[in-house]
Every structure is written in structure tokens, then in C-alpha cells.
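Presented below is the structure to which this report refers.
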Amino acid sequence: MPKSPAPRLSFTNKVSASNKIPRQINRNLIFNQIRTRQPISRADLARVSGLQRSTVSLIVEELLAERWIVEGSMGRLPRGRRPTFLNVNEQRGVLALDVHPSQTTLAVLDLSGKILAQNLIALPDDPQKVIAAIVEAILEMISANGDRSFDGIGMSLPGRLDLQLKKSNGDKSIFAPNISWPIGHIKSRVEEATGLPVVVDNVANACALSEIWFGDTDGTHDLVVVNVSEGIGTGIFANGRIVRGEGGFAGEFGHVQVDPNGLPCACGSKGCWETVASNRAGMRYSSEIASKPSPAFETLLKLAAAGDPEGKASIDKMCTALGRGLHMIASALAPTEIVIVGDITPLWYLVGPLVEEEMRRNPLVKVPRLRPAHDGNKARLRSAVALVMNENLL
């Protein structure tokens, strides 16, 4: 007998639980309606969610008891009982760790995804001292925010995790060819030092989950998130869930070879997509065009935005290569939309048309919507909330 298809999950639309969809989905639905519409009454929750008032009341009481939400001010009506408005508990928060090869960003966010504090951690040159520096920064951030309770730490990593395979020391197997320090130990070290649960995922997967969790997409159609940074990572959301594949390696489009005679890649191959379309590739183009060392990528973007010919030519070449790779993704997966995350997103008005033009240069059976992430280059930090909340609230 053939298996029935997996249910499609939406945390924002009027999707209620049945015998096929776990009751916890309704909790997420109600929580997210409160988060996006706060302050909101129970009666309005029932109206916008499509759930029965009795179901809404039971879930609200659970969320209040667990202090995910709090009761606030009272509303006014022409007649009848005055409603009590509900809000997300602002005293609860999440720590976000956005890991890059040479630096890491640490932030405090509330449960609605608002960034409350943020620090940049310069990583030591000694690979064996990197995790200690990260742990120290996290402990300092927790101490500086002593009035807030933390539900966990969400980490987005530039690598792939095998969520099933665990090493003997409790760490997960992580494929991160651009990282030179022992990143596989970071989860256990941070949990041991802080006593907080740590949820770790590939940055593109985390950002894909964030797009669903925060309602920037409706959660009912397939999408692909492409993170453009030192390398290129891809997160795939299809059939209502993150697609991980065998060993967690689904979505490694950044290491698909596009030029067999190209430059060596950190993964050991040659001419991978990320060697021609990543931030590093843009800086290399700048160095080649200007015949001098490239400025930092952020500076290169500013030069391109200001109309500097060499800066613009470098970013244009990077965007052309990015568009070609997106054509590959669109052809292979036919998603409804492709979402771009990374430093280039603030310049989407400039780079977006170039990327889309190249992506559409060759025919596509299905042309996806192409857009930057809702929070642009802050999406990586906000994804930490989605990681922790998805783990804790379900």
C-alpha cells in the first residue's frame, strides 16, 4: 500500500491539526499569530487562526503557564466583557552565534526576532584557542543581559551536519571545508560552559527555517535559500520540511563543479560554483581587474554602489556567476521561490536585476520568484530564534 504524502506545515496560515498533523502545529500557529499581531485577544486569535475558541483557549493557557506569552492591557468594546490582550514574553530571549571562518557575530534576540545586542568576535589565529574565545564572549554576553532568561543558543555554521551520526565525545560530524579550527567540538563546549541547550545547523538550512517560522513565506510551497558568503550554501524546504539527504549533505550546490579547469576549492575539487560566485570570488575579480589587492568585501560593495568602475565590474562578474548557478538550482529543483541571504542583499536593487537576467538567460521550465531574505544580511542572526523555538516549542 503506498504511503500517504507528508503533510505540508504552515505556521502562519489557517492550518489546523488533524489526526495526520500533530497537535503541536496548532501551538506554533497560535504563538506565531501572537508574535506577528501582538497585542491580540483570544477572540481575535480564534478568528485569524480558524481554530475553535475552546482550542485557542487551551493552547493560550498552556503558553501562559510556560511563560512563552504574557497577558497585557485590556481592550474596550461597546458592550460585553473587556478582552485581555496577549503578547510574547519580552523577558525571554535567544543567543545567536553566526559563525564565519575568520570572525563570529554574537547577538541577543527576543522571541520576536528583534536584535537587542550584538558583538563581533575576532577569532584568534591559533585554531586551538578559537572555541575558548567564543565561549568567553558568550559568557560575557549572558552576564551583561542578566535581567533576561535565555531559552537556548542558536548557531548557524558554514558547513553540513550529520544529525544522525555522533562522535564518541558527543559532538556531531560537521563538513566545513572553509573552517580551519575544530568546529566539530563547538556545540558540546558551549553547552558545558553555559548550561544552555545549543541548536546547531547549516546556515542556509537555518535561514530556510527562519523564512518559514517568521512568516516571510507562507510555508506551503517549496523554496530554496542560497547563502552567499565566503562560500555558497543552499537550504532546501520542500514538502513541508527541510531536505537534508543522506548524512545531511543535501543542498551542497556550492561544491558542484562548474569549471573542471577552474581554481582549487577548499573541498578538494576544482572549479566549484563557490569559487566563481562567492564573496571571495568577488574580491579576486577586484584584484584581477585593478591589478592590486582587493579591499574588504564590504568596501567593495560600497565602491560598486558609488559607481566605481572597477568595483562595479567585480560585483557584476560575481553576480553573473551567481545567476548561472541559480539557473542550475531552478532547473534541478523547480522551487516556487529562491531567497538570497548574505552581504550582497543590501545592494539588491543593484545586483538583483543582474543575477535574475543571467538566471533567465537560458530557458527554464519553471521560473521561480527571486528575492533577498526579509532581513537581508541580518537573516543569519534571526535564524537562531527559529532554530531554538522550533526545538523548544514543538
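Letters A, B, ... go to the chains of the C-alpha cells in the order shown; residues in each chain start at 1; ligands are counted from 1 in the same order.
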
Using only C-alpha atoms, which residues of range 185-302 of chain A come within 7 Å of range 315-328 of chain A, and what is the closest atom pair for each, with the distance in Å to one decimal? Give it as CSV, sorted by chain and residue number.
```
residue,atom,partner,partner_atom,distance
A:Trp273,CA,A:Gly325,CA,6.7
A:Val276,CA,A:Ala321,CA,6.1
A:Ala277,CA,A:Met318,CA,4.9
A:Ala281,CA,A:Met318,CA,6.6
A:Gly282,CA,A:Met318,CA,5.3
```

Show which residues sit within 9 Å of Ser102 in chain A, as a PDB file with N, CA and C atoms, in the first residue's frame. Count only C-alpha atoms, and ignore same-chain residues fewer than 2 positions away.
```pdb
ATOM      1  N   VAL A  99      28.550  31.984  12.689  1.00  0.00           N
ATOM      2  CA  VAL A  99      29.954  31.617  12.548  1.00  0.00           C
ATOM      3  C   VAL A  99      30.438  31.813  11.115  1.00  0.00           C
ATOM      4  N   HIS A 100      31.553  32.526  10.987  1.00  0.00           N
ATOM      5  CA  HIS A 100      32.276  32.673   9.717  1.00  0.00           C
ATOM      6  C   HIS A 100      33.694  32.142   9.932  1.00  0.00           C
ATOM      7  N   THR A 104      33.159  35.805  14.114  1.00  0.00           N
ATOM      8  CA  THR A 104      31.858  35.296  14.508  1.00  0.00           C
ATOM      9  C   THR A 104      31.052  36.429  15.121  1.00  0.00           C
ATOM     10  N   ALA A 122      36.400  38.674  17.118  1.00  0.00           N
ATOM     11  CA  ALA A 122      37.560  38.428  16.271  1.00  0.00           C
ATOM     12  C   ALA A 122      38.214  37.127  16.735  1.00  0.00           C
ATOM     13  N   LEU A 123      38.308  36.163  15.868  1.00  0.00           N
ATOM     14  CA  LEU A 123      38.814  34.852  16.256  1.00  0.00           C
ATOM     15  C   LEU A 123      40.339  34.836  16.292  1.00  0.00           C
ATOM     16  N   PRO A 124      40.928  34.178  17.291  1.00  0.00           N
ATOM     17  CA  PRO A 124      42.392  34.093  17.391  1.00  0.00           C
ATOM     18  C   PRO A 124      42.994  33.356  16.196  1.00  0.00           C
ATOM     19  N   ASP A 125      44.267  33.655  15.929  1.00  0.00           N
ATOM     20  CA  ASP A 125      44.964  32.966  14.843  1.00  0.00           C
ATOM     21  C   ASP A 125      45.219  31.497  15.179  1.00  0.00           C
ATOM     22  N   ILE A 179      36.546  26.102   7.206  1.00  0.00           N
ATOM     23  CA  ILE A 179      36.886  26.349   8.610  1.00  0.00           C
ATOM     24  C   ILE A 179      38.151  25.589   8.969  1.00  0.00           C
TER      25      ILE A 179
END
```

> Just asking: which residues within range 65-230 of chain A are strand (DSSP E) according to DSSP, as JSON, numbers by chain?
Replying inline: {"A": [69, 70, 71, 72, 73, 74, 84, 85, 86, 87, 88, 92, 93, 94, 95, 96, 97, 98, 99, 103, 104, 105, 106, 107, 108, 109, 110, 115, 116, 117, 118, 119, 120, 121, 122, 149, 150, 151, 152, 153, 154, 155, 156, 157, 160, 161, 162, 163, 164, 165, 166, 172, 173, 174, 175, 198, 199, 200, 201, 202, 223, 224, 225, 226, 227, 228]}

>> Taking 4 positions as the minimum chain separation for residues in the same chain, which residues sit within 8 Å of Lys187 in chain A when counting only C-alpha atoms? Answer as a VMD selection string.
In response: chain A and resid 171 191 198 to 200

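The two atoms in question, CA of Glu357 in chain A and CA of Asp259 in chain A, are spaced 21.0 Å apart.
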
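Distances here use only C-alpha atoms; by that measure, the residue among A:Gly352, A:Gly254, A:Pro372, A:Pro39 closest to Glu211 in chain A is A:Pro372.
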
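Shortest separation to Met141 in chain A among A:Ile115, A:Ala65, A:Leu157, A:Leu106 occurs at residue A:Leu106, atoms counted being only C-alpha atoms.
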
> Quick one: residues within 9 Å of Leu300 in chain A, only C-alpha atoms counted, chain neighbours fewer than 6 positions away excluded, as an MDAnalysis selection string?
Replying inline: chainID A and resid 282:283 286 294 311:312 314:315

> Could you pull out the helix (DSSP H, G or I) residues of range 243-290 of chain A from DSSP and send them as a list in words?
Replying inline: Glu246, Gly247, Gly248, Phe253, Gly254, His255, Glu274, Thr275, Val276, Ala277, Asn279, Arg280, Ala281, Gly282, Met283, Arg284, Tyr285, Ser286, Ser287, Glu288, Ile289 and Ala290 of chain A

Would you mind listing what lies within 9 Å of Ile153 in chain A as a PDB file with N, CA, C and O atoms, in the first residue's frame, with only C-alpha atoms counted and same-chain residues fewer than 2 positions away left out?
```
ATOM      1  N   VAL A  94      16.976  34.612  23.129  1.00  0.00           N
ATOM      2  CA  VAL A  94      17.815  33.595  22.496  1.00  0.00           C
ATOM      3  C   VAL A  94      19.157  34.234  22.171  1.00  0.00           C
ATOM      4  O   VAL A  94      19.219  35.401  21.772  1.00  0.00           O
ATOM      5  N   LEU A  95      20.226  33.479  22.363  1.00  0.00           N
ATOM      6  CA  LEU A  95      21.550  33.910  21.920  1.00  0.00           C
ATOM      7  C   LEU A  95      21.796  33.369  20.516  1.00  0.00           C
ATOM      8  O   LEU A  95      21.514  32.198  20.244  1.00  0.00           O
ATOM      9  N   ALA A  96      22.305  34.214  19.652  1.00  0.00           N
ATOM     10  CA  ALA A  96      22.593  33.824  18.267  1.00  0.00           C
ATOM     11  C   ALA A  96      24.091  33.850  18.030  1.00  0.00           C
ATOM     12  O   ALA A  96      24.774  34.801  18.411  1.00  0.00           O
ATOM     13  N   LEU A  97      24.590  32.811  17.393  1.00  0.00           N
ATOM     14  CA  LEU A  97      26.003  32.743  17.031  1.00  0.00           C
ATOM     15  C   LEU A  97      26.078  32.485  15.529  1.00  0.00           C
ATOM     16  O   LEU A  97      25.692  31.419  15.060  1.00  0.00           O
ATOM     17  N   PHE A 150      17.318  33.040  29.050  1.00  0.00           N
ATOM     18  CA  PHE A 150      17.618  32.553  27.701  1.00  0.00           C
ATOM     19  C   PHE A 150      17.106  31.129  27.529  1.00  0.00           C
ATOM     20  O   PHE A 150      17.337  30.264  28.378  1.00  0.00           O
ATOM     21  N   ASP A 151      16.417  30.917  26.425  1.00  0.00           N
ATOM     22  CA  ASP A 151      15.862  29.594  26.126  1.00  0.00           C
ATOM     23  C   ASP A 151      16.850  28.699  25.400  1.00  0.00           C
ATOM     24  O   ASP A 151      16.596  27.504  25.251  1.00  0.00           O
ATOM     25  N   MET A 155      22.992  28.327  16.662  1.00  0.00           N
ATOM     26  CA  MET A 155      24.238  28.523  15.912  1.00  0.00           C
ATOM     27  C   MET A 155      24.031  28.206  14.443  1.00  0.00           C
ATOM     28  O   MET A 155      23.544  27.117  14.100  1.00  0.00           O
ATOM     29  N   VAL A 190      30.181  24.717  24.281  1.00  0.00           N
ATOM     30  CA  VAL A 190      29.311  25.828  24.666  1.00  0.00           C
ATOM     31  C   VAL A 190      28.217  25.361  25.630  1.00  0.00           C
ATOM     32  O   VAL A 190      27.893  26.042  26.608  1.00  0.00           O
ATOM     33  N   GLU A 191      27.654  24.181  25.378  1.00  0.00           N
ATOM     34  CA  GLU A 191      26.636  23.653  26.294  1.00  0.00           C
ATOM     35  C   GLU A 191      27.219  23.433  27.687  1.00  0.00           C
ATOM     36  O   GLU A 191      26.582  23.746  28.702  1.00  0.00           O
ATOM     37  N   LEU A 196      23.159  25.930  28.785  1.00  0.00           N
ATOM     38  CA  LEU A 196      22.020  26.179  27.914  1.00  0.00           C
ATOM     39  C   LEU A 196      21.992  25.171  26.770  1.00  0.00           C
ATOM     40  O   LEU A 196      23.056  24.739  26.295  1.00  0.00           O
ATOM     41  N   PRO A 197      20.808  24.813  26.295  1.00  0.00           N
ATOM     42  CA  PRO A 197      20.749  23.946  25.113  1.00  0.00           C
ATOM     43  C   PRO A 197      21.227  24.696  23.880  1.00  0.00           C
ATOM     44  O   PRO A 197      20.927  25.880  23.708  1.00  0.00           O
ATOM     45  N   VAL A 198      21.988  24.017  23.038  1.00  0.00           N
ATOM     46  CA  VAL A 198      22.533  24.612  21.815  1.00  0.00           C
ATOM     47  C   VAL A 198      21.962  23.864  20.615  1.00  0.00           C
ATOM     48  O   VAL A 198      22.051  22.630  20.546  1.00  0.00           O
ATOM     49  N   VAL A 199      21.377  24.614  19.697  1.00  0.00           N
ATOM     50  CA  VAL A 199      20.838  24.037  18.466  1.00  0.00           C
ATOM     51  C   VAL A 199      21.709  24.515  17.310  1.00  0.00           C
ATOM     52  O   VAL A 199      21.882  25.724  17.116  1.00  0.00           O
ATOM     53  N   VAL A 200      22.268  23.575  16.562  1.00  0.00           N
ATOM     54  CA  VAL A 200      23.234  23.886  15.510  1.00  0.00           C
ATOM     55  C   VAL A 200      22.685  23.427  14.165  1.00  0.00           C
ATOM     56  O   VAL A 200      22.093  22.351  14.063  1.00  0.00           O
ATOM     57  N   ALA A 384      18.602  32.109  14.386  1.00  0.00           N
ATOM     58  CA  ALA A 384      18.862  31.450  15.675  1.00  0.00           C
ATOM     59  C   ALA A 384      17.577  31.296  16.473  1.00  0.00           C
ATOM     60  O   ALA A 384      17.373  30.285  17.160  1.00  0.00           O
ATOM     61  N   VAL A 385      16.695  32.299  16.401  1.00  0.00           N
ATOM     62  CA  VAL A 385      15.427  32.213  17.118  1.00  0.00           C
ATOM     63  C   VAL A 385      14.592  31.074  16.554  1.00  0.00           C
ATOM     64  O   VAL A 385      13.981  30.296  17.301  1.00  0.00           O
ATOM     65  N   LEU A 387      15.661  28.393  15.077  1.00  0.00           N
ATOM     66  CA  LEU A 387      16.257  27.121  15.472  1.00  0.00           C
ATOM     67  C   LEU A 387      15.859  26.732  16.889  1.00  0.00           C
ATOM     68  O   LEU A 387      15.421  25.616  17.141  1.00  0.00           O
ATOM     69  N   VAL A 388      16.002  27.665  17.808  1.00  0.00           N
ATOM     70  CA  VAL A 388      15.721  27.363  19.219  1.00  0.00           C
ATOM     71  C   VAL A 388      14.229  27.178  19.448  1.00  0.00           C
ATOM     72  O   VAL A 388      13.799  26.238  20.127  1.00  0.00           O
TER      73      VAL A 388
END
```

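In terms of minimum interatomic distance to Asn32 in chain A, A:Leu86 ranks closest within A:Met359, A:Ala193, A:Leu86, A:Ala266, counting only C-alpha atoms.
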
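In this model, the gap between CA of Leu51 in chain A and CA of Asn28 in chain A comes to 12.6 Å.
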
>> Give me, as an NGL selection string, all polymer residues having an atom no more than 10 Å from Pro309 in chain A, counting only C-alpha atoms and skipping those fewer than 4 positions away in the same chain.
In response: :A and (289-290 or 303-304 or 313-314)

> From the list A:Val88, A:Ile232, A:Ala46, A:Leu301, which residue is nearest Glu274 in chain A when using only C-alpha atoms?
Replying inline: A:Ile232

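The gap separating CA of Ile34 in chain A from CA of Arg67 in chain A is 13.2 Å, in Å to one decimal.
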
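If only C-alpha atoms are the atoms counted, then among A:Gln257, A:Asn390, A:Ser143, A:Val135 the closest residue to Arg241 in chain A is A:Asn390.
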
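Among the candidates A:Thr234, A:Asn202, A:Asn26, A:Ser156, the one nearest to Gln52 in chain A when counting only C-alpha atoms is A:Asn26.
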